[in-house]
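Working notes for the structure below.
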Amino acid sequence: MRGNRQTSSMRMLLLIGNWFGLIVGLLSAIVFAYYIADPNFANQISGGDQTIINFIPMMVAIVGFAIITNIFFCSFIINFLRKADDITLLNNRYIIALFSISIGGLFTPFVLAQMQNIPIKSTVSPKFTISKGYGGNCLIAGTIALSLYFGYSLISTKEIFTAGLADQIVVGILSGIVFWGVLNCLLFATPNAKAAWDKKGISYGFMNFIAIINLIFATIVLIWQLISAVLTIFSILGDLFNKKRGFFGALLSTTFAAYRIAIQLFIIYTINRIIKGIWAKGDAIEYQDYSRLAEKQREYEVNQAEA
């Protein structure tokens with residue numbers, strides 16, 4: 001019973017965090033649209049420097065892509081959290097963490113470390129779900145970014161490719177992203193897509209090939225987060241020897257250092273398991289409990305109760 005209450009509480013925290021991220025993303029989009037709609041936006045940013053002005057359409061497209069990506073993945077996670085029961089959430093939390101990591105989310109991995117530390121097995125196909133999520137984002141964010149580029153270029157400068165090769169590269173990349181989004185949505189987001197995937201028929205071979213490419217990108221994102229966790233551990237260790245904190249500051253850092261390091265080790269362990277899982281021959285990710293973190297969690301809860 002306690003486990004169910006804990007999972008429900010963690011779901012609420014995830015919903016609050018992602019709703020906050022979604023609202024921030026929407027507000028950012030409104031503010032961004034307000035500024036680029038100003039006829040003097042280019043001159044204000046560049047200070048009248050024509051070289052900088054030529055790069056602004058490209059900058060507008062990139063910023064727009066980042067904002068829409070944030071909105072899309074927050075919406076994707078919220079939709080999953082609303083539809084999934086507690087068991088489904090518990091069993092598939094790492095796939096959701098991957099989407100959060102894709103937009104630089106740090107809150108979700110923290111909540112992940114607080115959820116029930118038990119052996120679990122994913123109940124949705126990682127390859128299929130990741131491809132569907134990345135495909136939808138590529139299509140929507142890529143299309144909007146391209147529209148921003150061409151629209152702003154034509155309105156503000158009356159011409160396209162003002163920055164020459166740099167603009168052509170960005171437009172080429174965005175066009176490739178849109179194409180990849182269309183391809184993935186046709187394969188993984190249509191009504192019969194899941195049935196074709198589960199059937200393992202003729203179309204499965206091509207679907208699996210595309211999914212593998214998506215997994216390569218997902219792996220790169222995970223490795224980046226793993227490096228971040230390692231650097232965080234070094235930062236925690238460095239804080240222990242920071243004399244500027246004073247005696248009581250150092251004492252406090254030492255008290256919580258073991259717990260903080262355990263969380264980062266759990267994140268590293270989780271990322272390692274996800275990478276192994278999504279590249280496994282099967283179609284599910286299995287995780288074992290991490291006893292060291294569980295022990296630290298119990299110690300921390302006891303200390304909090306006694307305080």
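Every chain in the structure tokens takes a letter, A first, then B, and so on in the order presented; its residues are numbered from 1, and the ligands are numbered from 1 following the presented order.
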So which residues touch A:Ile275 within 10 Å, counting only C-alpha atoms, skipping near sequence neighbours fewer than 2 positions away, as a PDB file with all heavy atoms, in the first residue's frame?
ATOM      1  N   LEU A 215      17.710   4.658 -31.874  1.00  0.00           N
ATOM      2  CA  LEU A 215      18.383   4.204 -30.660  1.00  0.00           C
ATOM      3  C   LEU A 215      19.807   4.744 -30.578  1.00  0.00           C
ATOM      4  O   LEU A 215      20.329   4.974 -29.485  1.00  0.00           O
ATOM      5  CB  LEU A 215      18.409   2.676 -30.603  1.00  0.00           C
ATOM      6  CG  LEU A 215      17.061   1.971 -30.424  1.00  0.00           C
ATOM      7  CD1 LEU A 215      17.279   0.490 -30.152  1.00  0.00           C
ATOM      8  CD2 LEU A 215      16.249   2.597 -29.310  1.00  0.00           C
ATOM      9  N   ILE A 216      20.438   4.921 -31.727  1.00  0.00           N
ATOM     10  CA  ILE A 216      21.788   5.495 -31.736  1.00  0.00           C
ATOM     11  C   ILE A 216      21.751   6.906 -31.154  1.00  0.00           C
ATOM     12  O   ILE A 216      22.582   7.273 -30.307  1.00  0.00           O
ATOM     13  CB  ILE A 216      22.365   5.510 -33.162  1.00  0.00           C
ATOM     14  CG1 ILE A 216      22.622   4.080 -33.655  1.00  0.00           C
ATOM     15  CG2 ILE A 216      23.659   6.324 -33.219  1.00  0.00           C
ATOM     16  CD1 ILE A 216      23.059   3.991 -35.105  1.00  0.00           C
ATOM     17  N   ALA A 218      19.364   8.091 -29.187  1.00  0.00           N
ATOM     18  CA  ALA A 218      18.995   7.962 -27.782  1.00  0.00           C
ATOM     19  C   ALA A 218      20.210   7.595 -26.931  1.00  0.00           C
ATOM     20  O   ALA A 218      20.378   8.095 -25.817  1.00  0.00           O
ATOM     21  CB  ALA A 218      17.902   6.908 -27.623  1.00  0.00           C
ATOM     22  N   THR A 219      21.064   6.743 -27.468  1.00  0.00           N
ATOM     23  CA  THR A 219      22.267   6.326 -26.747  1.00  0.00           C
ATOM     24  C   THR A 219      23.214   7.502 -26.544  1.00  0.00           C
ATOM     25  O   THR A 219      23.817   7.642 -25.472  1.00  0.00           O
ATOM     26  CB  THR A 219      22.987   5.206 -27.523  1.00  0.00           C
ATOM     27  OG1 THR A 219      22.098   4.107 -27.698  1.00  0.00           O
ATOM     28  CG2 THR A 219      24.214   4.729 -26.766  1.00  0.00           C
ATOM     29  N   ILE A 220      23.336   8.344 -27.557  1.00  0.00           N
ATOM     30  CA  ILE A 220      24.189   9.528 -27.434  1.00  0.00           C
ATOM     31  C   ILE A 220      23.672  10.438 -26.320  1.00  0.00           C
ATOM     32  O   ILE A 220      24.444  10.962 -25.502  1.00  0.00           O
ATOM     33  CB  ILE A 220      24.246  10.291 -28.776  1.00  0.00           C
ATOM     34  CG1 ILE A 220      24.972   9.443 -29.829  1.00  0.00           C
ATOM     35  CG2 ILE A 220      24.941  11.640 -28.603  1.00  0.00           C
ATOM     36  CD1 ILE A 220      24.926  10.036 -31.224  1.00  0.00           C
ATOM     37  N   LEU A 222      21.874   9.531 -23.732  1.00  0.00           N
ATOM     38  CA  LEU A 222      22.101   8.851 -22.455  1.00  0.00           C
ATOM     39  C   LEU A 222      23.558   8.945 -22.011  1.00  0.00           C
ATOM     40  O   LEU A 222      23.848   9.145 -20.825  1.00  0.00           O
ATOM     41  CB  LEU A 222      21.680   7.386 -22.565  1.00  0.00           C
ATOM     42  CG  LEU A 222      20.176   7.121 -22.675  1.00  0.00           C
ATOM     43  CD1 LEU A 222      19.920   5.668 -23.036  1.00  0.00           C
ATOM     44  CD2 LEU A 222      19.461   7.483 -21.378  1.00  0.00           C
ATOM     45  N   ILE A 223      24.466   8.797 -22.958  1.00  0.00           N
ATOM     46  CA  ILE A 223      25.894   8.892 -22.629  1.00  0.00           C
ATOM     47  C   ILE A 223      26.220  10.298 -22.133  1.00  0.00           C
ATOM     48  O   ILE A 223      27.008  10.470 -21.191  1.00  0.00           O
ATOM     49  CB  ILE A 223      26.760   8.524 -23.857  1.00  0.00           C
ATOM     50  CG1 ILE A 223      26.636   7.025 -24.149  1.00  0.00           C
ATOM     51  CG2 ILE A 223      28.224   8.897 -23.626  1.00  0.00           C
ATOM     52  CD1 ILE A 223      27.349   6.581 -25.411  1.00  0.00           C
ATOM     53  N   THR A 270      21.279   3.177 -13.864  1.00  0.00           N
ATOM     54  CA  THR A 270      20.053   3.143 -14.660  1.00  0.00           C
ATOM     55  C   THR A 270      20.341   3.378 -16.133  1.00  0.00           C
ATOM     56  O   THR A 270      19.827   2.669 -17.008  1.00  0.00           O
ATOM     57  CB  THR A 270      19.065   4.209 -14.146  1.00  0.00           C
ATOM     58  OG1 THR A 270      18.746   3.951 -12.779  1.00  0.00           O
ATOM     59  CG2 THR A 270      17.784   4.206 -14.970  1.00  0.00           C
ATOM     60  N   ILE A 271      21.150   4.393 -16.426  1.00  0.00           N
ATOM     61  CA  ILE A 271      21.493   4.688 -17.817  1.00  0.00           C
ATOM     62  C   ILE A 271      22.194   3.499 -18.454  1.00  0.00           C
ATOM     63  O   ILE A 271      21.926   3.134 -19.601  1.00  0.00           O
ATOM     64  CB  ILE A 271      22.375   5.953 -17.894  1.00  0.00           C
ATOM     65  CG1 ILE A 271      21.555   7.188 -17.524  1.00  0.00           C
ATOM     66  CG2 ILE A 271      22.974   6.115 -19.293  1.00  0.00           C
ATOM     67  CD1 ILE A 271      22.368   8.457 -17.437  1.00  0.00           C
ATOM     68  N   ASN A 272      23.097   2.886 -17.700  1.00  0.00           N
ATOM     69  CA  ASN A 272      23.797   1.704 -18.207  1.00  0.00           C
ATOM     70  C   ASN A 272      22.818   0.582 -18.539  1.00  0.00           C
ATOM     71  O   ASN A 272      22.923  -0.071 -19.584  1.00  0.00           O
ATOM     72  CB  ASN A 272      24.815   1.240 -17.161  1.00  0.00           C
ATOM     73  CG  ASN A 272      25.568   0.000 -17.601  1.00  0.00           C
ATOM     74  OD1 ASN A 272      26.259  -0.005 -18.626  1.00  0.00           O
ATOM     75  ND2 ASN A 272      25.461  -1.068 -16.837  1.00  0.00           N
ATOM     76  N   ARG A 273      21.828   0.363 -17.656  1.00  0.00           N
ATOM     77  CA  ARG A 273      20.838  -0.676 -17.893  1.00  0.00           C
ATOM     78  C   ARG A 273      19.949  -0.342 -19.089  1.00  0.00           C
ATOM     79  O   ARG A 273      19.562  -1.225 -19.854  1.00  0.00           O
ATOM     80  CB  ARG A 273      19.976  -0.879 -16.647  1.00  0.00           C
ATOM     81  CG  ARG A 273      20.731  -1.432 -15.444  1.00  0.00           C
ATOM     82  CD  ARG A 273      21.326  -2.786 -15.714  1.00  0.00           C
ATOM     83  NE  ARG A 273      20.323  -3.773 -16.067  1.00  0.00           N
ATOM     84  CZ  ARG A 273      20.598  -5.002 -16.466  1.00  0.00           C
ATOM     85  NH1 ARG A 273      21.861  -5.392 -16.582  1.00  0.00           N
ATOM     86  NH2 ARG A 273      19.631  -5.845 -16.766  1.00  0.00           N
ATOM     87  N   GLY A 277      19.582  -2.439 -22.349  1.00  0.00           N
ATOM     88  CA  GLY A 277      18.246  -2.936 -22.626  1.00  0.00           C
ATOM     89  C   GLY A 277      17.755  -2.599 -24.025  1.00  0.00           C
ATOM     90  O   GLY A 277      17.204  -3.461 -24.722  1.00  0.00           O
ATOM     91  N   ILE A 278      17.946  -1.346 -24.456  1.00  0.00           N
ATOM     92  CA  ILE A 278      17.419  -0.947 -25.763  1.00  0.00           C
ATOM     93  C   ILE A 278      18.212  -1.564 -26.910  1.00  0.00           C
ATOM     94  O   ILE A 278      17.730  -1.608 -28.043  1.00  0.00           O
ATOM     95  CB  ILE A 278      17.381   0.593 -25.915  1.00  0.00           C
ATOM     96  CG1 ILE A 278      18.790   1.192 -25.831  1.00  0.00           C
ATOM     97  CG2 ILE A 278      16.460   1.220 -24.887  1.00  0.00           C
ATOM     98  CD1 ILE A 278      18.830   2.700 -25.995  1.00  0.00           C
ATOM     99  N   TRP A 279      19.429  -2.047 -26.603  1.00  0.00           N
ATOM    100  CA  TRP A 279      20.213  -2.724 -27.635  1.00  0.00           C
ATOM    101  C   TRP A 279      20.149  -4.242 -27.509  1.00  0.00           C
ATOM    102  O   TRP A 279      20.803  -4.953 -28.281  1.00  0.00           O
ATOM    103  CB  TRP A 279      21.669  -2.270 -27.581  1.00  0.00           C
ATOM    104  CG  TRP A 279      21.860  -0.880 -28.091  1.00  0.00           C
ATOM    105  CD1 TRP A 279      22.089   0.242 -27.357  1.00  0.00           C
ATOM    106  CD2 TRP A 279      21.821  -0.464 -29.458  1.00  0.00           C
ATOM    107  NE1 TRP A 279      22.189   1.330 -28.171  1.00  0.00           N
ATOM    108  CE2 TRP A 279      22.033   0.940 -29.474  1.00  0.00           C
ATOM    109  CE3 TRP A 279      21.611  -1.130 -30.677  1.00  0.00           C
ATOM    110  CZ2 TRP A 279      22.050   1.667 -30.648  1.00  0.00           C
ATOM    111  CZ3 TRP A 279      21.625  -0.398 -31.848  1.00  0.00           C
ATOM    112  CH2 TRP A 279      21.847   0.996 -31.826  1.00  0.00           C
ATOM    113  N   ALA A 280      19.366  -4.736 -26.564  1.00  0.00           N
ATOM    114  CA  ALA A 280      19.230  -6.183 -26.407  1.00  0.00           C
ATOM    115  C   ALA A 280      18.374  -6.754 -27.538  1.00  0.00           C
ATOM    116  O   ALA A 280      17.633  -6.040 -28.207  1.00  0.00           O
ATOM    117  CB  ALA A 280      18.599  -6.503 -25.054  1.00  0.00           C
ATOM    118  N   ILE A 285      12.924  -3.894 -21.485  1.00  0.00           N
ATOM    119  CA  ILE A 285      14.063  -3.537 -20.649  1.00  0.00           C
ATOM    120  C   ILE A 285      13.836  -4.108 -19.256  1.00  0.00           C
ATOM    121  O   ILE A 285      12.778  -3.905 -18.663  1.00  0.00           O
ATOM    122  CB  ILE A 285      14.226  -2.013 -20.545  1.00  0.00           C
ATOM    123  CG1 ILE A 285      14.331  -1.395 -21.942  1.00  0.00           C
ATOM    124  CG2 ILE A 285      15.454  -1.648 -19.721  1.00  0.00           C
ATOM    125  CD1 ILE A 285      14.395   0.112 -21.923  1.00  0.00           C
TER     126      ILE A 285
END
Task: Separation of atom CA of A:Cys74 from atom CA of A:Leu14 in Å - done: 10.1 Å
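One finds atom CA of A:Ile30 at 17.1 Å from atom CA of A:Ile140.
Separating atom CA of A:Leu26 from atom CA of A:Leu90 is a distance of 28.5 Å.
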TODO: Using only C-alpha atoms, pick whichever of A:Met10, A:Ile130, A:Ala145, A:Val111 has the shortest atom-to-atom distance to A:Val60.
DONE: A:Ala145
Would you kindly return, as a PDB file with C-alpha atoms, in the first residue's frame, each protein, DNA or RNA residue with an atom no farther than 12 Å from any atom of stretch 176-186 of chain A, considering only C-alpha atoms and excluding same-chain residues fewer than 6 positions away?
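Below you can see out09.pdb, which holds the result:
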ATOM      1  CA  PHE A  65      13.227  24.334 -32.698  1.00  0.00           C
ATOM      2  CA  LYS A 127      12.270   0.834 -29.711  1.00  0.00           C
ATOM      3  CA  PHE A 128       8.723   1.543 -30.828  1.00  0.00           C
ATOM      4  CA  THR A 129       7.991   4.165 -28.172  1.00  0.00           C
ATOM      5  CA  ILE A 130      11.292   6.000 -28.614  1.00  0.00           C
ATOM      6  CA  SER A 131      10.850   6.087 -32.398  1.00  0.00           C
ATOM      7  CA  LYS A 132       7.293   7.345 -32.076  1.00  0.00           C
ATOM      8  CA  GLY A 133       8.322  10.091 -29.658  1.00  0.00           C
ATOM      9  CA  TYR A 134      11.371  11.240 -31.586  1.00  0.00           C
ATOM     10  CA  GLY A 135       9.464  11.029 -34.881  1.00  0.00           C
ATOM     11  CA  GLY A 136       6.650  13.249 -33.659  1.00  0.00           C
ATOM     12  CA  ASN A 137       9.072  15.823 -32.331  1.00  0.00           C
ATOM     13  CA  CYS A 138      11.158  15.861 -35.528  1.00  0.00           C
ATOM     14  CA  LEU A 139       8.052  16.436 -37.637  1.00  0.00           C
ATOM     15  CA  ILE A 140       6.464  19.164 -35.517  1.00  0.00           C
ATOM     16  CA  ALA A 141       9.560  21.012 -34.270  1.00  0.00           C
ATOM     17  CA  GLY A 142      11.371  20.685 -37.603  1.00  0.00           C
ATOM     18  CA  THR A 143       8.413  21.985 -39.619  1.00  0.00           C
ATOM     19  CA  ILE A 144       7.897  24.968 -37.327  1.00  0.00           C
ATOM     20  CA  ALA A 145      11.625  25.754 -37.338  1.00  0.00           C
ATOM     21  CA  LEU A 146      11.736  25.701 -41.147  1.00  0.00           C
ATOM     22  CA  SER A 147       8.625  27.895 -41.306  1.00  0.00           C
ATOM     23  CA  ILE A 169      23.581  23.806 -43.818  1.00  0.00           C
ATOM     24  CA  VAL A 170      20.965  24.684 -41.171  1.00  0.00           C
ATOM     25  CA  ASN A 192      -1.920  -0.030 -37.545  1.00  0.00           C
ATOM     26  CA  ALA A 193       1.737   0.656 -36.694  1.00  0.00           C
ATOM     27  CA  LYS A 194       1.807  -1.227 -33.364  1.00  0.00           C
ATOM     28  CA  ALA A 196       2.635  -4.356 -37.728  1.00  0.00           C
ATOM     29  CA  SER A 203       7.420  -4.369 -42.732  1.00  0.00           C
ATOM     30  CA  PHE A 206      12.447  -1.793 -42.196  1.00  0.00           C
ATOM     31  CA  MET A 207      10.743  -0.498 -39.038  1.00  0.00           C
ATOM     32  CA  ASN A 208      13.444  -2.114 -36.907  1.00  0.00           C
ATOM     33  CA  PHE A 209      16.184  -0.589 -39.080  1.00  0.00           C
ATOM     34  CA  ILE A 210      14.728   2.910 -38.563  1.00  0.00           C
ATOM     35  CA  ALA A 211      14.260   2.210 -34.849  1.00  0.00           C
ATOM     36  CA  ILE A 212      17.942   1.278 -34.533  1.00  0.00           C
ATOM     37  CA  ILE A 213      18.953   4.665 -35.940  1.00  0.00           C
ATOM     38  CA  ASN A 214      16.726   6.320 -33.343  1.00  0.00           C
TER      39      ASN A 214
END
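Of the listed residues (A:Ala97, A:Ile160, A:Ile67, A:Ile155), A:Ala97 comes nearest to A:Leu81; the distances count only C-alpha atoms.
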Task: Selected residue, from A:Gln225, A:Gln168, A:Thr232, A:Ser9, that lies nearest to A:Asp86 when counting only C-alpha atoms - done: A:Ser9
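Closest to A:Leu265 among A:Leu187, A:Ala195, A:Leu89, A:Leu226 is A:Leu226, based on only C-alpha atoms.
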Task: DSSP alpha helix (DSSP H) selection over stretch 49-284 of chain A, as JSON, numbers by chain - done: {"A": [50, 51, 52, 53, 54, 55, 56, 57, 58, 59, 60, 61, 62, 63, 64, 65, 66, 67, 68, 69, 70, 71, 72, 73, 74, 75, 76, 77, 78, 79, 80, 81, 82, 83, 86, 87, 88, 89, 90, 91, 93, 94, 95, 96, 97, 98, 99, 100, 101, 102, 107, 108, 109, 110, 111, 112, 113, 114, 126, 127, 128, 129, 130, 131, 132, 133, 134, 135, 136, 137, 138, 139, 140, 141, 142, 143, 144, 145, 146, 147, 148, 149, 150, 151, 152, 165, 166, 167, 168, 169, 170, 171, 172, 173, 174, 175, 176, 177, 178, 179, 180, 181, 182, 183, 184, 185, 186, 187, 188, 193, 194, 195, 196, 197, 198, 199, 202, 203, 204, 205, 206, 207, 208, 209, 210, 211, 212, 213, 214, 215, 216, 217, 218, 219, 220, 221, 222, 223, 224, 225, 226, 227, 228, 229, 230, 231, 232, 233, 234, 235, 236, 237, 238, 239, 240, 246, 247, 248, 249, 250, 251, 252, 253, 254, 255, 256, 257, 258, 259, 260, 261, 262, 263, 264, 265, 266, 267, 268, 269, 270, 271, 272, 273, 274, 275, 276, 277, 278]}
- [ ] Can you pull out every residue within 8 Å of stretch 16-19 of chain A, counting only C-alpha atoms, but drop anything in the same chain fewer than 2 positions away, and send it as a PyMOL selection string?
- [x] chain A and resi 12-14+21-23+74-75+77-78+107-108
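Of the listed residues A:Ile68, A:Thr157, A:Asn91, A:Val124, the one whose atoms come nearest to A:Pro39 is A:Thr157, with distances taken using only C-alpha atoms.
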